[in-house]
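Shown here: work04.tsv, TSV, C-alpha atoms and all ligand atoms.
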chain	number	residue	atom	x	y	z
A	231	MET	CA	2.64	-26.21	14.24
A	232	SER	CA	-1.14	-25.84	14.03
A	233	ILE	CA	-1.54	-22.10	14.55
A	234	ALA	CA	-0.49	-19.21	12.34
A	235	THR	CA	-1.27	-15.51	12.01
A	236	VAL	CA	-1.05	-13.51	8.80
A	237	ARG	CA	-1.64	-9.89	7.82
A	238	ALA	CA	-2.70	-9.23	4.21
A	239	GLY	CA	-3.49	-5.93	2.51
A	240	SER	CA	-6.62	-5.24	0.52
A	241	ASN	CA	-6.19	-3.97	-3.04
A	242	ILE	CA	-7.77	-1.45	-5.40
A	243	ALA	CA	-8.24	-2.56	-9.00
A	244	PHE	CA	-7.21	-0.18	-11.81
A	245	ILE	CA	-8.69	-2.57	-14.38
A	246	LYS	CA	-11.53	-4.48	-12.78
A	247	TYR	CA	-12.58	-8.10	-12.45
A	248	TRP	CA	-16.28	-8.34	-13.27
A	249	GLY	CA	-17.88	-11.53	-14.56
A	250	VAL	CA	-16.78	-15.17	-14.50
A	251	ALA	CA	-16.03	-17.66	-17.27
A	252	ASP	CA	-16.15	-20.54	-14.77
A	253	GLU	CA	-18.25	-19.92	-11.69
A	254	THR	CA	-17.09	-23.00	-9.75
A	255	LEU	CA	-13.40	-22.19	-10.06
A	256	ASN	CA	-13.83	-18.38	-10.17
A	257	ILE	CA	-12.02	-18.04	-13.49
A	258	PRO	CA	-12.64	-14.49	-14.73
A	259	LEU	CA	-13.61	-13.20	-18.16
A	260	SER	CA	-10.57	-10.91	-18.33
A	261	ASN	CA	-7.28	-10.07	-16.64
A	262	SER	CA	-7.30	-7.36	-13.97
A	263	ILE	CA	-4.61	-5.10	-12.48
A	264	SER	CA	-4.50	-3.69	-8.94
A	265	MET	CA	-2.42	-1.99	-6.30
A	266	THR	CA	-2.09	-3.76	-2.94
A	267	LEU	CA	-2.81	-1.43	-0.01
A	268	ALA	CA	-0.52	-0.89	2.99
A	269	ASP	CA	-3.01	0.83	5.25
A	270	ALA	CA	-6.13	-1.30	4.77
A	271	HIS	CA	-5.46	-4.83	5.93
A	272	THR	CA	-6.89	-7.93	7.59
A	273	THR	CA	-5.06	-9.85	10.32
A	274	THR	CA	-6.17	-13.46	10.74
A	275	THR	CA	-5.20	-16.23	13.14
A	276	VAL	CA	-6.08	-19.81	12.20
A	277	ALA	CA	-5.75	-22.53	14.86
A	278	TRP	CA	-6.55	-26.09	13.76
A	279	ASP	CA	-8.02	-28.43	16.38
A	280	GLU	CA	-5.86	-31.52	16.00
A	281	THR	CA	-7.78	-33.31	18.78
A	282	GLY	CA	-10.89	-33.51	16.64
A	283	ALA	CA	-13.03	-32.29	19.54
A	284	LEU	CA	-14.29	-29.19	17.74
A	285	GLN	CA	-17.44	-30.00	15.73
A	286	THR	CA	-17.67	-26.87	13.59
A	287	ASP	CA	-15.38	-24.08	12.51
A	288	ILE	CA	-15.55	-21.05	14.81
A	289	PHE	CA	-15.23	-17.62	13.20
A	290	VAL	CA	-14.84	-14.38	15.13
A	291	LEU	CA	-14.69	-11.19	13.03
A	292	ASP	CA	-13.80	-7.86	14.64
A	293	GLY	CA	-14.65	-9.30	18.05
A	294	VAL	CA	-18.06	-10.68	17.03
A	295	ALA	CA	-18.74	-14.44	16.84
A	296	GLN	CA	-20.27	-15.12	13.42
A	297	SER	CA	-23.35	-17.32	12.94
A	298	PRO	CA	-23.06	-20.56	10.91
A	299	ALA	CA	-24.81	-18.78	8.03
A	300	ARG	CA	-22.26	-15.95	8.09
A	301	SER	CA	-19.40	-18.46	8.40
A	302	GLN	CA	-20.45	-20.50	5.36
A	303	ARG	CA	-18.03	-18.92	2.89
A	304	LEU	CA	-15.18	-19.34	5.37
A	305	THR	CA	-16.05	-22.98	6.06
A	306	ARG	CA	-16.19	-23.74	2.33
A	307	HIS	CA	-12.73	-22.23	1.96
A	308	LEU	CA	-11.37	-24.21	4.91
A	309	ASP	CA	-12.86	-27.34	3.28
A	310	ILE	CA	-10.53	-26.78	0.32
A	311	LEU	CA	-7.52	-26.51	2.67
A	312	ARG	CA	-8.65	-29.60	4.63
A	313	GLY	CA	-8.90	-31.51	1.36
A	314	LEU	CA	-5.34	-30.52	0.40
A	315	ALA	CA	-3.92	-31.54	3.77
A	316	GLY	CA	-6.06	-34.68	4.03
A	317	VAL	CA	-7.44	-33.78	7.47
A	318	MET	CA	-10.91	-33.37	8.96
A	319	TRP	CA	-9.91	-30.91	11.69
A	320	ARG	CA	-12.07	-27.88	12.37
A	321	ALA	CA	-10.52	-24.51	13.06
A	322	TRP	CA	-10.78	-21.45	15.26
A	323	VAL	CA	-10.45	-18.38	13.08
A	324	THR	CA	-10.17	-14.86	14.43
A	325	SER	CA	-9.96	-11.91	12.03
A	326	ARG	CA	-9.59	-8.20	12.44
A	327	ASN	CA	-9.88	-5.53	9.76
A	328	ASN	CA	-8.12	-2.22	10.43
A	329	PHE	CA	-10.71	-0.45	8.26
A	330	PRO	CA	-14.45	-0.12	8.90
A	331	THR	CA	-16.88	-2.41	7.09
A	332	ALA	CA	-18.89	-0.58	4.42
A	333	SER	CA	-15.88	1.69	3.86
A	334	GLY	CA	-15.67	0.70	0.21
A	335	ILE	CA	-12.48	-1.22	0.85
A	336	ALA	CA	-12.72	-4.86	-0.18
A	337	SER	CA	-12.50	-6.99	2.97
A	338	SER	CA	-12.95	-10.19	0.95
A	339	ALA	CA	-9.64	-9.56	-0.86
A	340	SER	CA	-7.55	-9.08	2.29
A	341	GLY	CA	-9.70	-11.53	4.27
A	342	PHE	CA	-9.35	-14.53	1.96
A	343	ALA	CA	-5.68	-13.78	1.25
A	344	ALA	CA	-4.91	-13.76	5.01
A	345	LEU	CA	-7.09	-16.84	5.64
A	346	THR	CA	-5.42	-18.82	2.85
A	347	VAL	CA	-1.87	-18.04	3.91
A	348	ALA	CA	-2.52	-18.52	7.64
A	349	GLY	CA	-4.60	-21.66	7.12
A	350	CYS	CA	-1.96	-23.32	4.93
A	351	ALA	CA	0.94	-22.25	7.17
A	352	ALA	CA	-0.81	-23.68	10.23
A	353	LEU	CA	-1.37	-26.96	8.39
A	354	GLY	CA	2.30	-27.08	7.41
A	355	LEU	CA	1.39	-26.99	3.70
A	356	GLU	CA	4.39	-25.61	1.85
A	357	MET	CA	3.10	-23.52	-1.02
A	358	ASP	CA	4.58	-20.72	-3.08
A	359	PRO	CA	2.66	-17.43	-3.48
A	360	THR	CA	1.44	-18.45	-6.96
A	361	ARG	CA	-0.18	-21.60	-5.61
A	362	LEU	CA	-1.62	-19.60	-2.68
A	363	SER	CA	-2.98	-17.05	-5.17
A	364	ALA	CA	-4.88	-19.81	-7.00
A	365	LEU	CA	-6.26	-21.06	-3.69
A	366	ALA	CA	-7.38	-17.61	-2.49
A	367	ARG	CA	-9.05	-17.03	-5.89
A	368	ARG	CA	-11.45	-19.91	-5.26
A	369	SER	CA	-13.34	-17.89	-2.63
A	370	SER	CA	-12.72	-14.31	-3.78
A	371	GLY	CA	-11.28	-13.46	-7.17
A	372	SER	CA	-9.77	-10.19	-6.01
A	373	ALA	CA	-8.05	-12.03	-3.12
A	374	SER	CA	-5.80	-13.74	-5.67
A	375	ARG	CA	-4.16	-10.33	-6.28
A	376	SER	CA	-3.54	-9.66	-2.56
A	377	LEU	CA	-1.01	-12.52	-2.49
A	378	PHE	CA	1.55	-10.06	-3.84
A	379	GLY	CA	2.58	-6.56	-2.82
A	380	GLY	CA	2.72	-3.46	-4.99
A	381	PHE	CA	1.31	-3.56	-8.51
A	382	VAL	CA	-0.22	-6.88	-9.51
A	383	GLU	CA	-1.91	-8.47	-12.52
A	384	TRP	CA	-4.29	-11.42	-12.25
A	385	GLU	CA	-3.93	-13.44	-15.42
A	386	LYS	CA	-7.29	-14.98	-16.21
A	387	GLY	CA	-5.81	-18.26	-17.43
A	388	SER	CA	-8.09	-21.15	-18.24
A	389	SER	CA	-7.62	-23.62	-15.39
A	390	ASP	CA	-7.33	-23.73	-11.62
A	391	ALA	CA	-3.52	-23.80	-11.83
A	392	ASP	CA	-2.95	-20.94	-14.27
A	393	SER	CA	-5.62	-18.41	-13.22
A	394	VAL	CA	-3.23	-16.65	-10.83
A	395	ALA	CA	-1.82	-13.26	-9.98
A	396	VAL	CA	1.68	-12.17	-10.97
A	397	PRO	CA	3.62	-9.26	-9.45
A	398	LEU	CA	4.39	-6.42	-11.86
A	399	TYR	CA	6.33	-4.04	-9.56
A	400	GLY	CA	6.95	-3.83	-5.81
A	401	PRO	CA	5.24	-1.20	-3.61
A	402	GLU	CA	8.31	1.10	-3.74
A	403	HIS	CA	8.03	1.44	-7.54
A	404	TRP	CA	5.47	4.26	-7.46
A	405	ASP	CA	4.34	6.32	-4.46
A	406	LEU	CA	0.65	6.54	-5.29
A	407	ARG	CA	-2.19	7.16	-2.87
A	408	ASP	CA	-5.69	5.71	-2.75
A	409	LEU	CA	-8.08	8.10	-0.96
A	410	VAL	CA	-11.41	6.42	-0.30
A	411	ALA	CA	-14.23	8.94	-0.05
A	412	VAL	CA	-16.91	7.30	2.09
A	413	VAL	CA	-20.30	8.54	0.97
A	414	SER	CA	-22.97	9.22	3.54
A	415	GLY	CA	-26.46	7.77	3.45
A	416	GLU	CA	-25.11	4.48	2.24
A	417	GLU	CA	-27.44	1.55	1.64
A	418	LYS	CA	-26.35	-2.01	2.23
A	419	LYS	CA	-23.80	-3.16	-0.31
A	420	LEU	CA	-25.00	-5.75	-2.82
A	421	SER	CA	-22.52	-8.61	-2.75
A	422	SER	CA	-20.11	-8.84	-5.66
A	423	ALA	CA	-20.25	-12.66	-5.52
A	424	GLY	CA	-23.77	-12.64	-7.02
A	425	GLY	CA	-22.95	-9.74	-9.34
A	426	HIS	CA	-20.28	-11.68	-11.24
A	427	LEU	CA	-22.94	-14.20	-12.28
A	428	LEU	CA	-25.20	-11.43	-13.60
A	429	ALA	CA	-22.58	-9.81	-15.83
A	430	LYS	CA	-23.45	-12.05	-18.78
A	431	SER	CA	-27.02	-10.73	-18.79
A	432	SER	CA	-25.81	-7.24	-19.72
A	433	PRO	CA	-25.89	-6.27	-23.42
A	434	LEU	CA	-22.80	-4.12	-22.70
A	435	LEU	CA	-20.59	-6.91	-21.36
A	436	ASN	CA	-19.08	-7.83	-24.74
A	437	GLY	CA	-18.21	-4.20	-25.41
A	438	ARG	CA	-16.19	-3.97	-22.23
A	439	ILE	CA	-14.48	-7.33	-22.71
A	440	THR	CA	-13.57	-6.44	-26.31
A	441	HIS	CA	-11.80	-3.28	-25.16
A	442	VAL	CA	-10.26	-4.44	-21.91
A	443	GLY	CA	-7.12	-5.92	-23.55
A	444	GLY	CA	-6.09	-2.48	-24.82
A	445	TRP	CA	-6.87	-0.87	-21.46
A	446	LEU	CA	-4.70	-3.42	-19.63
A	447	GLU	CA	-1.87	-2.60	-22.01
A	448	GLU	CA	-2.30	1.10	-21.29
A	449	VAL	CA	-2.29	0.55	-17.50
A	450	ARG	CA	0.85	-1.62	-17.69
A	451	GLY	CA	2.58	1.15	-19.65
A	452	ALA	CA	1.37	3.88	-17.28
A	453	ILE	CA	2.62	1.99	-14.22
A	454	ALA	CA	5.96	1.23	-15.90
A	455	GLY	CA	6.41	4.95	-16.68
A	456	ARG	CA	4.85	6.19	-13.39
A	457	ASP	CA	2.58	8.37	-15.51
A	458	ILE	CA	-0.55	9.45	-13.61
A	459	HIS	CA	-1.99	11.25	-16.66
A	460	ARG	CA	-1.76	8.03	-18.67
A	461	LEU	CA	-3.11	5.83	-15.85
A	462	GLY	CA	-5.98	8.09	-14.82
A	463	PRO	CA	-8.16	8.30	-17.96
A	464	VAL	CA	-8.10	4.55	-18.51
A	465	ILE	CA	-8.97	3.63	-14.90
A	466	GLU	CA	-11.92	6.04	-15.03
A	467	LEU	CA	-13.03	4.57	-18.35
A	468	ASP	CA	-12.87	1.00	-17.06
A	469	ALA	CA	-14.69	1.83	-13.82
A	470	LEU	CA	-17.47	3.51	-15.80
A	471	ALA	CA	-17.58	0.57	-18.24
A	472	MET	CA	-17.88	-1.91	-15.35
A	473	HIS	CA	-20.65	0.12	-13.73
A	474	SER	CA	-22.44	0.34	-17.09
A	475	VAL	CA	-22.38	-3.48	-17.22
A	476	MET	CA	-23.66	-3.61	-13.63
A	477	MET	CA	-26.45	-1.11	-14.27
A	478	THR	CA	-27.61	-2.91	-17.44
A	479	SER	CA	-27.59	-6.47	-16.09
A	480	SER	CA	-30.84	-8.21	-15.12
A	481	PRO	CA	-31.63	-7.53	-12.41
A	482	SER	CA	-29.92	-4.15	-12.65
A	483	LEU	CA	-27.22	-3.39	-10.08
A	484	LEU	CA	-27.15	0.28	-9.19
A	485	TYR	CA	-24.43	0.87	-6.62
A	486	TRP	CA	-24.21	4.65	-6.89
A	487	GLN	CA	-25.70	7.17	-4.48
A	488	PRO	CA	-26.19	10.89	-5.20
A	489	GLY	CA	-22.93	11.49	-3.33
A	490	THR	CA	-21.06	9.21	-5.73
A	491	LEU	CA	-21.90	11.52	-8.63
A	492	GLU	CA	-21.09	14.63	-6.60
A	493	ILE	CA	-17.55	13.29	-6.12
A	494	LEU	CA	-17.09	12.24	-9.78
A	495	GLN	CA	-18.09	15.71	-10.95
A	496	ALA	CA	-15.89	17.41	-8.34
A	497	VAL	CA	-12.85	15.35	-9.43
A	498	ARG	CA	-13.34	16.39	-13.05
A	499	ARG	CA	-13.75	20.03	-12.00
A	500	TRP	CA	-10.56	19.98	-9.90
A	501	ARG	CA	-8.65	18.39	-12.75
A	502	GLN	CA	-9.97	20.49	-15.60
A	503	GLY	CA	-10.34	23.77	-13.70
A	504	ASP	CA	-7.39	23.66	-11.32
A	505	GLY	CA	-4.97	21.15	-12.91
A	506	LEU	CA	-5.07	18.82	-9.88
A	507	ALA	CA	-3.76	15.39	-11.01
A	508	VAL	CA	-6.39	13.12	-9.47
A	509	TYR	CA	-8.57	10.38	-11.02
A	510	PHE	CA	-11.37	8.15	-9.72
A	511	THR	CA	-12.31	4.51	-9.69
A	512	ILE	CA	-15.30	2.78	-8.03
A	513	ASP	CA	-15.76	-0.82	-6.83
A	514	ALA	CA	-19.05	-2.59	-6.10
A	515	GLY	CA	-20.41	0.13	-3.83
A	516	PRO	CA	-21.17	3.86	-3.66
A	517	ASN	CA	-17.79	5.01	-2.29
A	518	VAL	CA	-15.23	6.54	-4.62
A	519	HIS	CA	-11.49	5.79	-4.65
A	520	LEU	CA	-9.36	8.74	-5.72
A	521	ILE	CA	-5.95	7.87	-7.11
A	522	CYS	CA	-3.15	10.45	-7.13
A	523	ALA	CA	0.58	10.87	-6.54
A	524	ALA	CA	1.68	11.18	-2.89
A	525	GLU	CA	2.41	14.90	-3.23
A	526	SER	CA	-1.16	15.68	-4.34
A	527	ALA	CA	-2.81	13.70	-1.52
A	528	PRO	CA	-3.03	16.49	1.15
A	529	GLU	CA	-4.78	18.85	-1.31
A	530	VAL	CA	-7.14	16.09	-2.52
A	531	GLU	CA	-7.97	15.17	1.09
A	532	THR	CA	-8.78	18.78	2.02
A	533	ARG	CA	-11.05	19.21	-0.99
A	534	LEU	CA	-12.78	15.85	-0.51
A	535	SER	CA	-13.46	16.49	3.18
A	536	ALA	CA	-15.21	19.75	2.27
A	537	LEU	CA	-17.79	17.97	0.03
A	538	ARG	CA	-21.26	17.68	1.57
A	539	SER	CA	-21.70	13.97	0.89
A	540	VAL	CA	-18.28	12.80	2.10
A	541	GLU	CA	-18.51	11.25	5.56
A	542	ARG	CA	-14.84	10.33	5.95
A	543	VAL	CA	-11.68	9.81	3.94
A	544	ILE	CA	-9.41	6.78	4.33
A	545	ILE	CA	-5.93	7.05	2.80
A	546	SER	CA	-3.64	4.22	1.80
A	547	ARG	CA	-0.17	3.78	0.30
A	548	PRO	CA	0.98	0.85	-1.85
A	549	GLY	CA	1.79	-2.08	0.44
A	550	PRO	CA	3.55	-5.42	0.76
A	551	GLY	CA	2.25	-8.96	0.23
A	552	PRO	CA	1.00	-11.11	3.14
A	553	GLN	CA	3.19	-11.30	6.21
A	554	LEU	CA	3.42	-13.98	8.88
A	555	LEU	CA	3.20	-12.47	12.38
A	556	ASP	CA	4.52	-13.91	15.65
A	557	GLU	CA	1.66	-12.63	17.77
A	558	HIS	CA	-1.64	-14.50	17.50
A	559	LEU	CA	-5.13	-13.06	17.96
A	560	ILE	CA	-6.28	-16.14	19.88
B	601	LIG	O1	-13.35	-10.61	-5.49
B	601	LIG	P1	-14.78	-10.21	-5.52
B	601	LIG	O2	-15.68	-11.36	-5.84
B	601	LIG	O3	-15.17	-9.49	-4.24
B	601	LIG	O4	-14.98	-9.16	-6.71
B	601	LIG	C1	-14.34	-7.91	-6.76
B	601	LIG	C2	-15.02	-7.03	-7.75
B	601	LIG	C3	-14.52	-5.59	-7.81
B	601	LIG	O5	-14.03	-5.15	-6.57
B	601	LIG	C4	-15.72	-4.72	-8.19
B	601	LIG	C5	-13.47	-5.39	-8.89
B	601	LIG	C6	-12.07	-5.87	-8.57
B	601	LIG	O6	-11.40	-6.30	-9.53
B	601	LIG	O7	-11.62	-5.79	-7.41
Give the structure from the file, written as structure tokens.
Amino acid sequence: MSIATVRAGSNIAFIKYWGVADETLNIPLSNSISMTLADAHTTTTVAWDETGALQTDIFVLDGVAQSPARSQRLTRHLDILRGLAGVMWRAWVTSRNNFPTASGIASSASGFAALTVAGCAALGLEMDPTRLSALARRSSGSASRSLFGGFVEWEKGSSDADSVAVPLYGPEHWDLRDLVAVVSGEEKKLSSAGGHLLAKSSPLLNGRITHVGGWLEEVRGAIAGRDIHRLGPVIELDALAMHSVMMTSSPSLLYWQPGTLEILQAVRRWRQGDGLAVYFTIDAGPNVHLICAAESAPEVETRLSALRSVERVIISRPGPGPQLLDEHLI
């Protein structure tokens, strides 16, 4: 069997991964916790050329053939899989995201999770999800968390084998929603890959890392008790702490747009003024993720859509881990 197709969900981090202790292995400075998304996923088919005729890997993303420069990260990841299987074969890789690029949903998380699982399955490499999580981590730290469904913690560990994600609870544990408010007038996203290397240049990094252990504890407790009012304040605090590190690194990373701030202020107004149980978090971009219980989502969506700077809203439920599909994209 040299072909396999896998669908993997993206994830939204409640406590973020920002900064690396080991940049070659992608070992992070702290643990992180996320929710895997059901409605924002990547589907990837990997077909290995066992004949050896193919000279380079071929990568088609959302119907567009990618240049060698844009395929570099993928080829480096396939090199790791080739090394494990002891083969030199090149591969055809076709991927499709069900969410738009620049939507503020991490395509590297779902992309490298799907690529890892499909690539290994097509090579006949038998690996458990923990091993696959370590492999996915090599190319995108957040992808390590997408190897499991529901609520997931990536334990930083100290080596390639033990820096892996562990499942905390399945997707059915808590019916949360992630509403991504896509901000208009967006500039090109600065890649997070380079950002992780800059974290150490921020004078605020140590402050965040000193506190993150307590915040992780709080998030674990909030998820266990399905308590949105316990989860919310700490995810906002950590997102603001991560962006403070980003803004104060050299060079400074400023991901926010005016619309980002409009949404943050609106969320606080809705909560404090109207008692709406909704909280924000922000990844490496200007778009804002609003986290709330399922029953609050329609009201949050209506209010978000009425804001001047919100271009569109993408809603996702908690989702499963990667799934092998019978139908291939090639
Ligand atoms: O996995 P990367 O290298 O794309 O980094 C992800 C960084 C954040 O999305 C900002 C935080 C996180 O933990 O997902």
Q) Quick one: residues within 6 Å of ligand LIG 601 (chain B), with only C-alpha atoms and all ligand atoms, as a list in words? A)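 Listing the residues within 6 Å of ligand LIG 601 (chain B) gives Ala243, Lys246, Tyr247, Trp248, Ser338, Ser370, Gly371, Ser372, Ala373, Ser422, Ala423, Asp513 and Ala514 of chain A.
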Restricted to C-alpha atoms, what would the selected residues look like written as a PDB file, in the coordinates of the input?
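Full text of again26.pdb as output:
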ATOM      1  CA  ALA A 243      -8.240  -2.560  -9.000  1.00  0.00           C
ATOM      2  CA  LYS A 246     -11.530  -4.480 -12.780  1.00  0.00           C
ATOM      3  CA  TYR A 247     -12.580  -8.100 -12.450  1.00  0.00           C
ATOM      4  CA  TRP A 248     -16.280  -8.340 -13.270  1.00  0.00           C
ATOM      5  CA  SER A 338     -12.950 -10.190   0.950  1.00  0.00           C
ATOM      6  CA  SER A 370     -12.720 -14.310  -3.780  1.00  0.00           C
ATOM      7  CA  GLY A 371     -11.280 -13.460  -7.170  1.00  0.00           C
ATOM      8  CA  SER A 372      -9.770 -10.190  -6.010  1.00  0.00           C
ATOM      9  CA  ALA A 373      -8.050 -12.030  -3.120  1.00  0.00           C
ATOM     10  CA  SER A 422     -20.110  -8.840  -5.660  1.00  0.00           C
ATOM     11  CA  ALA A 423     -20.250 -12.660  -5.520  1.00  0.00           C
ATOM     12  CA  ASP A 513     -15.760  -0.820  -6.830  1.00  0.00           C
ATOM     13  CA  ALA A 514     -19.050  -2.590  -6.100  1.00  0.00           C
TER      14      ALA A 514
END
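For the pair atom CA of A:Thr272 and atom CA of A:Glu402, the interatomic distance is 21.0 Å.
With all atoms listed in the file as the atoms that count, the minimum distance from A:Gly400 to the choices A:Phe378, A:Trp278, A:Trp319, A:Tyr485 is reached by A:Phe378.
As for atom CA of A:Val290 and atom CA of A:Trp322, they are spaced 8.2 Å apart.
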(Q) I'd like the neighbourhood of A:Ser333 as a list in words, where a residue qualifies if any of its atoms comes within 9 Å (using all atoms listed in the file), though same-chain residues fewer than 2 positions away should be ignored. (A) Phe329, Pro330, Thr331, Ile335, Ala336, Val410, Ala411, Val412, Val413, Asn517, Arg542 and Ile544 of chain A
**Q.** Sel. within 6 Å of pt (-2.2, -22.0, -10.0), counting all atoms listed in the file, output as a PyMOL selection string
**A.** chain A and resi 360-361+364+390-394
Mind checking which residues fall within 9 Å of A:Pro397, counting all atoms listed in the file, ignoring those fewer than 5 positions away in the same chain, and posting them as a PDB file with C-alpha atoms, in the frame of the given file?
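Produced file out_5.pdb, reproduced below:
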ATOM      1  CA  ARG A 375      -4.160 -10.330  -6.280  1.00  0.00           C
ATOM      2  CA  LEU A 377      -1.010 -12.520  -2.490  1.00  0.00           C
ATOM      3  CA  PHE A 378       1.550 -10.060  -3.840  1.00  0.00           C
ATOM      4  CA  GLY A 379       2.580  -6.560  -2.820  1.00  0.00           C
ATOM      5  CA  GLY A 380       2.720  -3.460  -4.990  1.00  0.00           C
ATOM      6  CA  PHE A 381       1.310  -3.560  -8.510  1.00  0.00           C
ATOM      7  CA  VAL A 382      -0.220  -6.880  -9.510  1.00  0.00           C
ATOM      8  CA  GLU A 383      -1.910  -8.470 -12.520  1.00  0.00           C
ATOM      9  CA  TRP A 384      -4.290 -11.420 -12.250  1.00  0.00           C
TER      10      TRP A 384
END
(Q) Just want the 6 Å neighbourhood of stretch 496-512 of chain A, counted on all atoms listed in the file, with same-chain residues fewer than 4 positions away dropped. Output as a list of chain:residue names. (A)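 Once the adjacent positions are removed, what remains is A:Gly462, A:Glu466, A:Ala469, A:Val518, A:His519, A:Leu520, A:Ile521, A:Cys522.
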(Q) Measuring between all atoms listed in the file, which one of A:Phe244, A:Trp486, A:Trp404, A:Trp445 shows the shortest distance to A:Pro548? (A)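 Of the candidates, the smallest distance to A:Pro548 is held by A:Trp404.
Counting only C-alpha atoms and comparing A:Gly282, A:Ile263, A:Leu483, A:His307, the residue that lies closest to A:Glu448 is A:Ile263.
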Q: Find the residue from A:Gln296, A:Ser374, A:Thr346, A:Gln553 that sits nearest to A:Ile257; use only C-alpha atoms when measuring.
A: A:Ser374
**Q.** Residue nearest A:Ala315 - candidates A:Ala454, A:Met357, A:Val449, A:Leu555, atoms counted: only C-alpha atoms
**A.**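 Closest candidate: A:Met357.
Picture a line from atom CA of A:Leu467 to atom CA of A:Gly444; it runs 11.8 Å.
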Q: Can you pull out every residue within 6 Å of A:Lys386, counting all atoms listed in the file, but drop anything in the same chain fewer than 5 positions away, and send it as a ChimeraX atom specification?
A: /A:258,260-261,393
Q) Closest to A:Glu525 among A:Leu365, A:Leu537, A:Leu484, A:Leu406, using all atoms listed in the file? A)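 Using all atoms listed in the file, A:Glu525 sits closest to A:Leu406.
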Quick one: residues within 8 Å of stretch 440-443 of chain A, only C-alpha atoms, excluding same-chain residues fewer than 2 positions away - as an mmCIF file with C-alpha atoms, in the frame of the given file?
data_model
loop_
_atom_site.group_PDB
_atom_site.id
_atom_site.type_symbol
_atom_site.label_atom_id
_atom_site.label_comp_id
_atom_site.auth_asym_id
_atom_site.auth_seq_id
_atom_site.Cartn_x
_atom_site.Cartn_y
_atom_site.Cartn_z
ATOM 1 C CA ILE A 245 -8.690 -2.570 -14.380
ATOM 2 C CA SER A 260 -10.570 -10.910 -18.330
ATOM 3 C CA ASN A 436 -19.080 -7.830 -24.740
ATOM 4 C CA GLY A 437 -18.210 -4.200 -25.410
ATOM 5 C CA ARG A 438 -16.190 -3.970 -22.230
ATOM 6 C CA TRP A 445 -6.870 -0.870 -21.460
ATOM 7 C CA LEU A 446 -4.700 -3.420 -19.630
ATOM 8 C CA GLU A 447 -1.870 -2.600 -22.010
ATOM 9 C CA ASP A 468 -12.870 1.000 -17.060
#
Q: Anything within 9 Å of (-0.3, -15.2, 17.4): list those residues as a VMD selection string, counting all atoms listed in the file and sticking to the file's coordinates.
A: chain A and resid 233 to 236 275 555 to 560
